[in-house]
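Asker: Please read through the structure below; I'll follow up with questions.
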Amino acid sequence: MTARSSWLLGAILLVAAVASSGCFGDTGTAAEDTAPGKRQGTTNRVAPPPVDQAEAERNLTRAQTKWHVHDLWGNQDILTLLEGDVVLPLNADAVGPNGFRSGRVEFTFPHGTLVPPEAGHLEVLVLFEAATGLPFTGLNLSYRDAGSENFTNLGPLDPASPVRIPVDFFSADVPHAGATAWGFVLEATPDARGMALANGTARVTITAHRAREVFLDPPHGSAFRGASIVPLLPDLPLLLSGAKLAEGKYLVERDGAAQVQPALASLAPRNGSIVPEGAKSVLVRVAWTGSAVAPFAVTYEEPNSPSAGTLTVLEEGADYRLFGLEVTPEMVDSPYAFRSVWRFHLHLEGPAGPVPKLPVTVTAWAAAVPPGDAAALIGNM
C-alpha cells in the first residue's frame, strides 16, 4: 500500500472521530537507515546529537496538528491551470535506427499551480502553428500524473478538439506542494518512414474540472521522527558513458538512440522519500571506480521555491566526493508527498571529450542539521 493510499484509508476511518476534537498526535518509528558503512578516514568524527522529537512536535504549526482544508477552487467548478505558448525547437532530439526526430518539449504548470484532488478530469487543448517552410508530421501528447513514475502517451492529437485526462485522488497533487508533480511532453508524431518533425509554436490550454467536494486533510508530524538524517537515494549503481560536448552538454545513448542531454545523468529521490519540513541540508555522495577520471560535479533543481544551482564539495577522496547544500524552509517538499520534486544532475569537470564506461554509485540524504554537521553524521554511519 502506498503512502497516499494509507492516508486516504486513514482519512475515511478517522474523519467522523475528529469532527468534534479536530486533533491527533503523530507517532511512528524511526526512519529506515539505508546508508552505507563508514568510509575510511572518518572514524574520529563525532556525530551531532539527534533531533529532540518532543521539541520538534512542540514547534509544529496549528495546520500541522489539526485537520484542515486546502481549497484551490474558490467556489469555481473549472480552473485554468495553464494557458500559454509552448515552443517545439528546431533541433535533432534523436538520430537512430527508428529514424530522425526533431521537435520535442517537456513542460508543466506554472509555479504554485496544482491539480486539486477534487478534480475529476483535465482537458487539454493544443493549437499548433508550424514554423514557416518546415514539414510537419503531427503531434503526440504524453502526460505523467502525480501518482505515476512514467509518461502515458495519449497518441496523435486532433487539433480541433481537447483531450480529456482522468484525475482521481491518487493522481492529483498533494496539499502543501509548492510545485506540481505533473508533467507533459509534446513531440512530433513519426510518419510511415520513421520521420518525426514538428517545429513551431503550440498554444496550450489546460483546465481542471471539479467532480468532488473539498477534501478534509489530516494532520502531519515531523518526518525525521527523532532522527537527524533520512535517506533520499539508496546506494544507486550507474554505468555512465558517452561524450562531454561543448557548453556543458553530453551525448549519451538512450532507448537505442544517441541523444544530447544537459547532464551525464539525472536522478530523483526514490519513491517514498522527500526533502521534509525541518530539513536544513541535502547531501549527495558520488563514488566511482577507476583511475584518471575527471572529478564529478552535482547540480540540483527544486521547483518548490524554486531554486537551482551547484552543490558544494564538503569532502573528497581518491574515489568519491561528498556534496552538500543548505536548505531553507521554502525548498522542502510537501509533507504529504510520496515523491519528491527535487532532481540531481551529474556532470564531469574538465574539457570536452569522450567519457569511457564509468561505474559510479550515488547516495543522497536530507538532514535536520547544517551541511557540515550532516557530513560528520554520514561519516559515522
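Naming scheme: A, B, ... for chains in displayed order of the C-alpha cells; residues 1 onward per chain; ligands 1 onward as shown.
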Identify, on the basis of only C-alpha atoms, every residue whose closest approach to Asp173 in chain A does not exceed 9 Å; exclude the query and any residue fewer than 3 positions from it along the same chain; express the result as a PDB file with C-alpha atoms, in the first residue's frame.
Answerer:
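Output file out.pdb is given in full below:
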```
ATOM      1  CA  LEU A 114      -1.554  22.360  -8.660  1.00  0.00           C
ATOM      2  CA  VAL A 115      -4.018  19.727  -9.834  1.00  0.00           C
ATOM      3  CA  PRO A 116      -6.543  19.636  -6.954  1.00  0.00           C
ATOM      4  CA  PRO A 117      -7.633  16.239  -5.589  1.00  0.00           C
ATOM      5  CA  ASP A 145       0.373  12.477 -13.206  1.00  0.00           C
ATOM      6  CA  ALA A 146       1.414  12.940  -9.579  1.00  0.00           C
ATOM      7  CA  GLY A 147       0.924   9.251  -8.804  1.00  0.00           C
ATOM      8  CA  PHE A 169      -7.308  11.248  -5.569  1.00  0.00           C
ATOM      9  CA  PHE A 170      -4.090   9.342  -6.233  1.00  0.00           C
ATOM     10  CA  ALA A 177       3.089  21.277  -2.503  1.00  0.00           C
ATOM     11  CA  ALA A 179       5.076  22.804  -7.330  1.00  0.00           C
ATOM     12  CA  THR A 180       3.053  20.290  -9.289  1.00  0.00           C
ATOM     13  CA  ALA A 181       4.284  16.746  -9.828  1.00  0.00           C
ATOM     14  CA  TRP A 182       2.515  16.617 -13.202  1.00  0.00           C
ATOM     15  CA  ALA A 337       4.167  13.834  -0.872  1.00  0.00           C
TER      16      ALA A 337
END
```
Asker: Point out the residue among A:Leu240, A:Val341, A:Leu322, A:Glu277 with the least atom-to-atom distance to Glu253 in chain A, counting only C-alpha atoms.
Answerer: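 Among the listed residues, A:Leu240 lies closest to Glu253 in chain A.
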Asker: Please provide the set of residues having any atom within 10 Å of Ala130 in chain A, restricted to only C-alpha atoms, with same-chain residues fewer than 6 positions apart removed, written as a PyMOL selection string.
Answerer: chain A and resi 87-88+136+138+197-202
Asker: Can I get the selected residues back with C-alpha atoms, as an mmCIF file, in the first residue's frame?
Answerer:
```cif
data_model
loop_
_atom_site.group_PDB
_atom_site.id
_atom_site.type_symbol
_atom_site.label_atom_id
_atom_site.label_comp_id
_atom_site.auth_asym_id
_atom_site.auth_seq_id
_atom_site.Cartn_x
_atom_site.Cartn_y
_atom_site.Cartn_z
ATOM 1 C CA VAL A 87 7.730 26.171 -28.449
ATOM 2 C CA LEU A 88 8.941 22.976 -30.104
ATOM 3 C CA PHE A 136 5.044 18.768 -40.114
ATOM 4 C CA GLY A 138 1.784 15.708 -36.456
ATOM 5 C CA LEU A 197 9.043 16.595 -37.473
ATOM 6 C CA ALA A 198 7.132 19.287 -35.564
ATOM 7 C CA ASN A 199 8.786 22.672 -35.201
ATOM 8 C CA GLY A 200 6.781 25.733 -34.287
ATOM 9 C CA THR A 201 4.585 27.142 -31.521
ATOM 10 C CA ALA A 202 1.770 25.349 -29.705
#
```
Asker: Enumerate as a PyMOL selection string all residues of range 57-163 of chain A assigned to strand (DSSP E or B) by DSSP on the backbone, naming them with the chain letters and numbers the document uses.
Answerer: chain A and resi 66+68-69+78-88+92-96+99-102+104-107+119-130+139-144+152-156+163
Asker: Would you kindly return, as a PDB file with C-alpha atoms, in the first residue's frame, each protein, DNA or RNA residue with an atom no farther than 6 Å from any atom of range 323-334 of chain A, considering only C-alpha atoms and excluding same-chain residues fewer than 3 positions away?
Answerer:
```pdb
ATOM      1  CA  HIS A 176       1.244  21.963   0.754  1.00  0.00           C
ATOM      2  CA  ALA A 177       3.089  21.277  -2.503  1.00  0.00           C
ATOM      3  CA  VAL A 275      13.084  16.557   1.497  1.00  0.00           C
ATOM      4  CA  PRO A 276      10.888  17.051   4.572  1.00  0.00           C
ATOM      5  CA  GLU A 277       9.885  20.005   6.698  1.00  0.00           C
ATOM      6  CA  LYS A 280      18.488  22.133   6.864  1.00  0.00           C
ATOM      7  CA  SER A 281      20.682  20.391   4.318  1.00  0.00           C
ATOM      8  CA  VAL A 282      20.789  17.937   1.424  1.00  0.00           C
ATOM      9  CA  LEU A 283      23.874  15.826   0.740  1.00  0.00           C
ATOM     10  CA  VAL A 284      24.867  13.740  -2.281  1.00  0.00           C
ATOM     11  CA  ASN A 304       9.236  24.303  -4.543  1.00  0.00           C
ATOM     12  CA  SER A 305      10.905  27.724  -4.035  1.00  0.00           C
ATOM     13  CA  LEU A 311      26.250  21.694  -4.663  1.00  0.00           C
ATOM     14  CA  THR A 312      29.394  22.475  -2.659  1.00  0.00           C
ATOM     15  CA  VAL A 313      32.122  19.855  -2.232  1.00  0.00           C
ATOM     16  CA  LEU A 314      32.236  19.073   1.506  1.00  0.00           C
ATOM     17  CA  ALA A 337       4.167  13.834  -0.872  1.00  0.00           C
ATOM     18  CA  PRO A 371      25.707  20.592   5.870  1.00  0.00           C
TER      19      PRO A 371
END
```
Asker: Neighbouring residues of Asn153 in chain A were defined as those with any atom within 8 Å, considering only C-alpha atoms; residues of the same chain fewer than 4 positions away were excluded. Please report them as a list in words.
Answerer: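 Returned residues: Asn140, Leu141, Ser142 and Tyr143 of chain A.
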Asker: Between A:His121, A:Val214, A:Asp191, A:Asp158, which is the closest to His68 in chain A once you count only C-alpha atoms?
Answerer: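 Smallest distance to His68 in chain A is found for A:Val214.
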Asker: For a test of reading the model, state the distance in Å between CA of Thr137 in chain A and CA of Ala257 in chain A, rounded to one decimal.
Answerer: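 So the two atoms, CA of Thr137 in chain A and CA of Ala257 in chain A, lie 20.0 Å apart.
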Asker: Residues near range 350-356 of chain A, anyone? I mean within 10 Å using only C-alpha atoms, not counting same-chain ones fewer than 5 positions away, as a list in words.
Answerer: Leu239, Leu240, Ser241, Gly242, Ala243, Lys244, Leu245, Ala246, Glu247, Gly248, Lys249, Tyr250, Leu251, Val252, Leu264, Val293, Ala294, Pro295 and Phe296 of chain A
Asker: Store the residues picked out above, limited to C-alpha atoms, as a PDB file, in the first residue's frame.
Answerer:
```pdb
ATOM      1  CA  LEU A 239      27.232   2.821 -15.587  1.00  0.00           C
ATOM      2  CA  LEU A 240      27.981   6.131 -17.285  1.00  0.00           C
ATOM      3  CA  SER A 241      29.337   6.536 -20.805  1.00  0.00           C
ATOM      4  CA  GLY A 242      29.104   8.913 -23.735  1.00  0.00           C
ATOM      5  CA  ALA A 243      30.848  12.170 -24.506  1.00  0.00           C
ATOM      6  CA  LYS A 244      31.080  15.611 -22.976  1.00  0.00           C
ATOM      7  CA  LEU A 245      30.294  18.271 -25.569  1.00  0.00           C
ATOM      8  CA  ALA A 246      30.877  21.992 -25.644  1.00  0.00           C
ATOM      9  CA  GLU A 247      28.776  24.286 -23.427  1.00  0.00           C
ATOM     10  CA  GLY A 248      28.406  21.608 -20.757  1.00  0.00           C
ATOM     11  CA  LYS A 249      26.157  19.248 -22.712  1.00  0.00           C
ATOM     12  CA  TYR A 250      26.559  15.493 -23.082  1.00  0.00           C
ATOM     13  CA  LEU A 251      25.935  12.945 -25.801  1.00  0.00           C
ATOM     14  CA  VAL A 252      24.502   9.797 -24.217  1.00  0.00           C
ATOM     15  CA  LEU A 264      25.565  12.958 -17.899  1.00  0.00           C
ATOM     16  CA  VAL A 293      38.846  10.269 -14.016  1.00  0.00           C
ATOM     17  CA  ALA A 294      37.859  13.937 -14.063  1.00  0.00           C
ATOM     18  CA  PRO A 295      36.090  14.790 -10.769  1.00  0.00           C
ATOM     19  CA  PHE A 296      32.318  14.869 -10.666  1.00  0.00           C
TER      20      PHE A 296
END
```
Asker: Would you compute the distance between CA of Gly290 in chain A and CA of Lys357 in chain A? Give it in Å to one decimal.
Answerer: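 Spanning CA of Gly290 in chain A to CA of Lys357 in chain A is a straight-line distance of 9.7 Å.
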Asker: Once DSSP has gone over the backbone, tell me which residues of range 38-266 of chain A are in helix (DSSP H, G or I), as JSON, numbers by chain.
Answerer: {"A": [53, 54, 55, 56, 57, 58, 62, 63, 64, 65, 246, 247, 248]}
Asker: Calculated over only C-alpha atoms, which of the candidates A:Val126, A:Ala227, A:Val260, A:Ala287 has the smallest distance to Thr363 in chain A?
Answerer: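 Under the stated criterion, the closest residue is A:Ala287.
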Asker: What is the distance, in Å and to one decimal place, between CA of Leu346 in chain A and CA of Gly278 in chain A?
Answerer: 26.1 Å
Asker: Counting only C-alpha atoms, figure out which residue out of A:Val230, A:Ile78, A:Leu60, A:Ala188 gets nearest to Arg101 in chain A.
Answerer: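 Among A:Val230, A:Ile78, A:Leu60, A:Ala188, it is A:Ala188 that comes nearest to Arg101 in chain A.
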Asker: Just checking: using only C-alpha atoms, which residue out of A:Gln76, A:Ser340, A:Ser148, A:Thr205 ends up closest to Ser273 in chain A?
Answerer: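 Of the candidates, the smallest distance to Ser273 in chain A is held by A:Ser340.
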Asker: Which residue, A:Ala268, A:Val286, A:Ile206, A:Ile274, has the smallest gap to Phe107 in chain A when you use only C-alpha atoms?
Answerer: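 Ranked by minimum distance to Phe107 in chain A, first place goes to A:Ile206.
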